[in-house]
>>> print(open('start_15.txt').read())   # compact mmCIF, C-alpha atoms
# COMPACT_ATOMS: atom_id res chain seq x y z
CA LYS A 1020 104.66 6.47 112.27
CA GLN A 1021 104.16 3.02 113.74
CA GLU A 1022 100.88 2.55 115.60
CA VAL A 1023 99.78 -0.57 117.43
CA THR A 1024 96.14 -1.34 118.16
CA GLN A 1025 94.68 -4.12 120.30
CA ILE A 1026 91.12 -5.32 120.05
CA PRO A 1027 89.11 -5.88 122.15
CA ALA A 1028 90.06 -3.54 125.01
CA ALA A 1029 88.42 -5.86 127.51
CA LEU A 1030 87.17 -9.41 127.42
CA SER A 1031 85.32 -11.59 129.94
CA VAL A 1032 84.99 -15.33 129.38
CA PRO A 1033 84.00 -18.40 131.40
CA GLU A 1034 86.72 -20.76 132.52
CA GLY A 1035 87.72 -23.37 129.95
CA GLU A 1036 86.96 -21.28 126.89
CA ASN A 1037 89.48 -20.88 124.08
CA LEU A 1038 90.05 -17.25 123.14
CA VAL A 1039 91.91 -15.02 120.68
CA LEU A 1040 93.42 -11.61 121.32
CA ASN A 1041 94.18 -9.39 118.34
CA CYS A 1042 97.00 -6.96 117.65
CA SER A 1043 97.47 -4.87 114.51
CA PHE A 1044 100.28 -2.56 113.45
CA THR A 1045 100.51 0.02 110.68
CA ASP A 1046 104.12 -0.39 109.49
CA SER A 1047 105.25 -3.86 108.47
CA ALA A 1048 108.94 -2.92 108.90
CA ILE A 1049 109.27 -4.62 112.28
CA TYR A 1050 112.07 -6.88 113.46
CA ASN A 1051 110.01 -8.78 116.02
CA LEU A 1052 106.75 -8.82 117.95
CA GLN A 1053 106.43 -9.65 121.60
CA TRP A 1054 103.41 -10.51 123.75
CA PHE A 1055 103.45 -9.60 127.42
CA ARG A 1056 101.27 -10.20 130.43
CA GLN A 1057 100.77 -7.53 133.10
CA ASP A 1058 99.10 -8.08 136.44
CA PRO A 1059 97.61 -5.00 138.15
CA GLY A 1060 100.30 -2.58 139.34
CA LYS A 1061 103.08 -4.93 138.28
CA GLY A 1062 105.74 -5.06 135.60
CA LEU A 1063 105.56 -6.93 132.32
CA THR A 1064 106.15 -10.65 131.92
CA SER A 1065 107.30 -11.79 128.49
CA LEU A 1066 105.07 -14.54 127.08
CA LEU A 1067 106.18 -15.07 123.50
CA LEU A 1068 108.62 -13.49 121.06
CA ILE A 1069 108.15 -13.88 117.31
CA GLN A 1070 110.99 -12.83 115.04
CA SER A 1071 110.05 -11.08 111.80
CA SER A 1072 111.03 -14.17 109.79
CA GLN A 1073 108.75 -16.46 111.83
CA ARG A 1074 105.04 -17.11 111.49
CA GLU A 1075 104.21 -18.42 114.95
CA GLN A 1076 105.48 -19.39 118.38
CA THR A 1077 104.00 -21.68 121.00
CA SER A 1078 104.45 -21.97 124.74
CA GLY A 1079 102.18 -24.30 126.67
CA ARG A 1080 98.57 -23.18 126.20
CA LEU A 1081 99.67 -20.05 124.32
CA ASN A 1082 100.15 -19.70 120.59
CA ALA A 1083 101.03 -16.47 118.84
CA SER A 1084 100.98 -15.89 115.11
CA LEU A 1085 102.44 -13.12 112.98
CA ASP A 1086 101.41 -11.94 109.52
CA LYS A 1087 103.70 -9.04 108.66
CA SER A 1088 102.17 -8.36 105.27
CA SER A 1089 98.76 -7.70 106.77
CA GLY A 1090 100.13 -6.09 109.94
CA ARG A 1091 98.46 -8.53 112.30
CA SER A 1092 99.25 -10.82 115.19
CA THR A 1093 97.00 -13.00 117.30
CA LEU A 1094 97.49 -14.56 120.71
CA TYR A 1095 95.51 -17.75 121.17
CA ILE A 1096 94.90 -18.97 124.72
CA ALA A 1097 93.58 -22.51 125.03
CA ALA A 1098 91.44 -23.76 127.89
CA SER A 1099 91.48 -20.46 129.78
CA GLN A 1100 91.85 -20.47 133.58
CA PRO A 1101 91.07 -17.83 136.25
CA GLY A 1102 94.82 -17.40 136.70
CA ASP A 1103 95.02 -16.12 133.13
CA SER A 1104 93.15 -12.97 134.21
CA ALA A 1105 95.46 -10.05 133.46
CA THR A 1106 96.17 -7.39 130.85
CA TYR A 1107 97.85 -8.66 127.69
CA LEU A 1108 100.04 -6.29 125.73
CA CYS A 1109 101.58 -6.69 122.31
CA ALA A 1110 104.63 -4.71 121.27
CA VAL A 1111 106.50 -4.45 117.99
CA GLY A 1112 110.24 -4.01 117.69
CA HIS A 1113 110.73 -1.02 115.43
CA GLY A 1114 113.89 0.70 114.23
CA SER A 1115 117.38 -0.74 114.53
CA SER A 1116 117.51 -4.41 115.49
CA ASN A 1117 120.50 -3.62 117.71
CA THR A 1118 118.38 -1.55 120.03
CA GLY A 1119 115.37 -2.45 122.10
CA LYS A 1120 112.71 0.10 121.22
CA LEU A 1121 109.25 -1.38 121.50
CA ILE A 1122 105.98 0.23 120.49
CA PHE A 1123 103.06 -1.03 122.54
CA GLY A 1124 99.36 -1.37 122.06
CA GLN A 1125 97.03 -0.29 124.83
CA GLY A 1126 96.37 -3.84 125.92
CA THR A 1127 93.45 -6.22 126.30
CA THR A 1128 92.22 -6.78 129.84
CA LEU A 1129 91.08 -10.37 130.23
CA GLN A 1130 88.86 -11.70 132.98
CA VAL A 1131 88.32 -15.45 133.22
CA LYS A 1132 85.40 -16.32 135.46
CA PRO A 1133 85.41 -19.58 137.48
CA ASP B 140 119.82 -15.50 137.97
CA ALA B 141 118.36 -12.21 139.04
CA GLY B 142 115.98 -10.54 136.65
CA VAL B 143 115.76 -6.83 135.99
CA THR B 144 115.68 -4.97 139.28
CA GLN B 145 114.34 -1.46 139.80
CA SER B 146 114.49 0.82 142.81
CA PRO B 147 112.65 2.23 144.56
CA THR B 148 109.37 0.37 144.07
CA HIS B 149 107.24 3.32 145.12
CA LEU B 150 107.84 6.96 145.86
CA ILE B 151 105.90 10.14 146.36
CA LYS B 152 107.27 13.50 145.27
CA THR B 153 106.01 17.07 145.28
CA ARG B 154 105.58 19.15 142.14
CA GLY B 155 108.80 20.87 141.14
CA GLN B 156 111.05 18.31 142.79
CA HIS B 157 113.58 16.07 141.11
CA VAL B 158 113.58 12.26 141.09
CA THR B 159 116.11 9.55 140.22
CA LEU B 160 115.03 6.04 139.34
CA ARG B 161 117.46 3.15 139.10
CA CYS B 162 117.62 -0.04 137.08
CA SER B 163 119.95 -3.03 137.06
CA PRO B 164 119.73 -5.17 133.93
CA ILE B 165 120.01 -8.92 133.68
CA SER B 166 123.64 -10.01 133.90
CA GLY B 167 125.21 -9.87 130.45
CA HIS B 168 122.58 -7.55 128.97
CA LYS B 169 124.04 -4.36 127.56
CA SER B 170 120.86 -2.62 126.43
CA VAL B 171 118.55 -0.80 128.83
CA SER B 172 115.34 0.97 127.87
CA TRP B 173 112.99 3.11 129.91
CA TYR B 174 109.22 3.33 129.50
CA GLN B 175 106.47 5.37 131.10
CA GLN B 176 103.08 3.77 131.63
CA VAL B 177 100.18 5.89 132.75
CA LEU B 178 97.09 4.19 134.10
CA GLY B 179 95.07 2.42 131.45
CA GLN B 180 97.63 2.91 128.67
CA GLY B 181 100.38 0.86 127.12
CA PRO B 182 104.00 1.76 128.00
CA GLN B 183 105.54 4.67 126.09
CA PHE B 184 109.21 4.60 125.10
CA ILE B 185 111.40 7.22 126.81
CA PHE B 186 115.05 6.25 126.26
CA GLN B 187 117.23 3.41 125.06
CA TYR B 188 120.89 2.99 125.99
CA TYR B 189 123.24 0.47 124.48
CA GLU B 190 126.89 0.17 125.46
CA LYS B 191 126.55 3.34 127.54
CA GLU B 192 125.40 5.47 124.62
CA GLU B 193 121.95 6.88 123.97
CA ARG B 194 120.54 5.07 120.95
CA GLY B 195 116.96 6.27 121.00
CA ARG B 196 114.75 8.89 122.58
CA GLY B 197 110.98 9.08 122.66
CA ASN B 198 108.76 12.14 122.59
CA PHE B 199 109.47 13.38 126.10
CA PRO B 200 110.59 16.84 127.26
CA ASP B 201 114.15 17.71 128.20
CA ARG B 202 113.19 17.39 131.86
CA PHE B 203 113.75 13.68 131.32
CA SER B 204 117.31 12.46 131.10
CA ALA B 205 119.12 9.17 131.61
CA ARG B 206 122.51 7.61 131.65
CA GLN B 207 124.09 4.17 131.64
CA PHE B 208 127.06 3.20 133.77
CA PRO B 209 130.06 0.97 132.94
CA ASN B 210 128.32 -1.97 134.67
CA TYR B 211 125.29 -1.36 132.34
CA SER B 212 122.99 -0.23 135.15
CA SER B 213 121.02 2.89 134.39
CA GLU B 214 119.40 5.91 135.99
CA LEU B 215 116.40 7.88 134.80
CA ASN B 216 116.20 11.46 136.06
CA VAL B 217 113.19 13.70 135.92
CA ASN B 218 113.46 17.38 136.85
CA ALA B 219 110.74 19.90 137.76
CA LEU B 220 108.14 17.20 138.33
CA LEU B 221 104.60 17.79 137.13
CA LEU B 222 101.42 16.07 138.26
CA GLY B 223 101.27 14.45 134.82
CA ASP B 224 104.55 12.65 135.48
CA SER B 225 102.71 10.33 137.89
CA ALA B 226 103.04 6.90 136.31
CA LEU B 227 104.64 3.47 136.47
CA TYR B 228 108.19 3.71 135.14
CA LEU B 229 109.45 0.50 133.63
CA CYS B 230 112.95 -0.56 132.79
CA ALA B 231 113.71 -3.26 130.24
CA SER B 232 116.96 -4.99 129.44
CA SER B 233 117.88 -6.96 126.37
CA LEU B 234 120.81 -8.78 124.83
CA PRO B 235 121.11 -7.38 121.32
CA ARG B 236 121.70 -9.89 118.58
CA THR B 237 121.08 -9.94 114.88
CA GLY B 238 117.40 -10.23 114.09
CA GLY B 239 116.02 -8.60 117.16
CA THR B 240 115.99 -8.88 120.90
CA GLU B 241 113.70 -10.17 123.59
CA ALA B 242 113.00 -7.52 126.21
CA PHE B 243 112.74 -8.40 129.89
CA PHE B 244 111.07 -5.93 132.21
CA GLY B 245 111.47 -5.09 135.86
CA GLN B 246 108.61 -4.65 138.29
CA GLY B 247 108.61 -0.91 137.82
CA THR B 248 108.73 2.16 140.01
CA ARG B 249 105.39 3.72 140.88
CA LEU B 250 105.89 7.50 140.99
CA THR B 251 103.20 9.69 142.47
CA VAL B 252 103.55 13.46 142.16
CA VAL B 253 101.40 15.51 144.53
>>> encode(input="start_15.txt", output="structure tokens")
Amino acid sequence: KQEVTQIPAALSVPEGENLVLNCSFTDSAIYNLQWFRQDPGKGLTSLLLIQSSQREQTSGRLNASLDKSSGRSTLYIAASQPGDSATYLCAVGHGSSNTGKLIFGQGTTLQVKP
Amino acid sequence: DAGVTQSPTHLIKTRGQHVTLRCSPISGHKSVSWYQQVLGQGPQFIFQYYEKEERGRGNFPDRFSARQFPNYSSELNVNALLLGDSALYLCASSLPRTGGTEAFFGQGTRLTVV
């Protein structure tokens, strides 16, 4: 059974700090991994998608890496800003690649203080 | 282009009632998935439909059902509502392709059962 764990559950940092969010999964048979952002009471916004054959993806101040063999992914946020405050969720694509089933971690809630 | 749209955004129901939630995927997307997110947790997979057929079902009771229409929109139905069904219900659409899909989420429907 695939299980996804995110550490830490919550994180508070001063503005401008670089930070790393961690995601681990128990079954390396994934077809992709996706990082999402969720603001309170809102839906999910896709940040980065890493295919199983890729090692990392970058978008602006965000960089996500994937190590399938060790069952780990990290989301690196450079020069954090108060607007980055949100919950960050990682999800692995598991099962048939023609479907869209995602298995989520419980998220890391980030607070960036001005 | 419109993103994934869900309706209604909020609703309150009484225990024992029935509810129907609706989702319109991004134009051209043929896969729709439903997730339940209770407060403080990551989303849990309920159903996945692709080309109007059920392709996956999560660990939810038979009170939950769904369908997909010829235009790829979808409905999630929940019968005999329980207090524990109170949650944010999220719909995701994706464009299946070899190697995995990127999921795009709607803003969700907040269901409160009293």
>>> closest_residue(input="start_15.txt", among="A:Ser1092, A:Leu1129, A:Lys1120, A:Glu1075", to="Ser170 of chain B", atoms="all atoms listed in the file")
A:Lys1120
>>> closest_residue(input="start_15.txt", among="B:Ser225, B:Ser233, B:Ser212, B:Thr251", to="chain A", atoms="all atoms listed in the file")
B:Ser233
>>> residues_around(input="start_15.txt", residues="Gln1053 of chain A", least_positions_apart="5", cutoff="8 Å", atoms="only C-alpha atoms", output="list in words")
Ser1065, Leu1066, Leu1067, Leu1068, Ile1069, Cys1109, Ala1110, Val1111 and Gly1112 of chain A; Glu241 of chain B
>>> interface_residues(input="start_15.txt", of="chain B", to="chain A", cutoff="8 Å", atoms="only C-alpha atoms", output="MDAnalysis selection string")
chainID B and resid 170:172 179:184 187:189 194:195 227 229 232:233 235:247
>>> atom_distance(input="start_15.txt", atom1="atom CA of Glu190 of chain B", atom2="atom CA of Ala1048 of chain A")
24.6 Å
>>> atom_distance(input="start_15.txt", atom1="atom CA of Leu250 of chain B", atom2="atom CA of Leu150 of chain B")
5.3 Å
>>> closest_residue(input="start_15.txt", among="A:Thr1077, A:Val1131, A:Ile1096, A:Asp1086", to="Asn1037 of chain A", atoms="only C-alpha atoms")
A:Ile1096
>>> closest_residue(input="start_15.txt", among="B:Arg249, B:Arg196, B:His157, B:His168", to="Asn210 of chain B", atoms="all atoms listed in the file")
B:His168
>>> axis_aligned_box(input="start_15.txt", around="segment 208-226 of chain B", padding_each_side="4 Å", output="JSON")
{"center_x": 115.7, "center_y": 9.0, "center_z": 135.3, "size_x": 36.8, "size_y": 29.9, "size_z": 14.0}
>>> residues_around(input="start_15.txt", residues="Gly155 of chain B", least_positions_apart="3", cutoff="9 Å", atoms="all atoms listed in the file", output="list in words")
Lys152, Asn218, Ala219, Leu220 and Leu221 of chain B
>>> atom_distance(input="start_15.txt", atom1="atom CA of Pro209 of chain B", atom2="atom CA of Leu234 of chain B")
15.7 Å
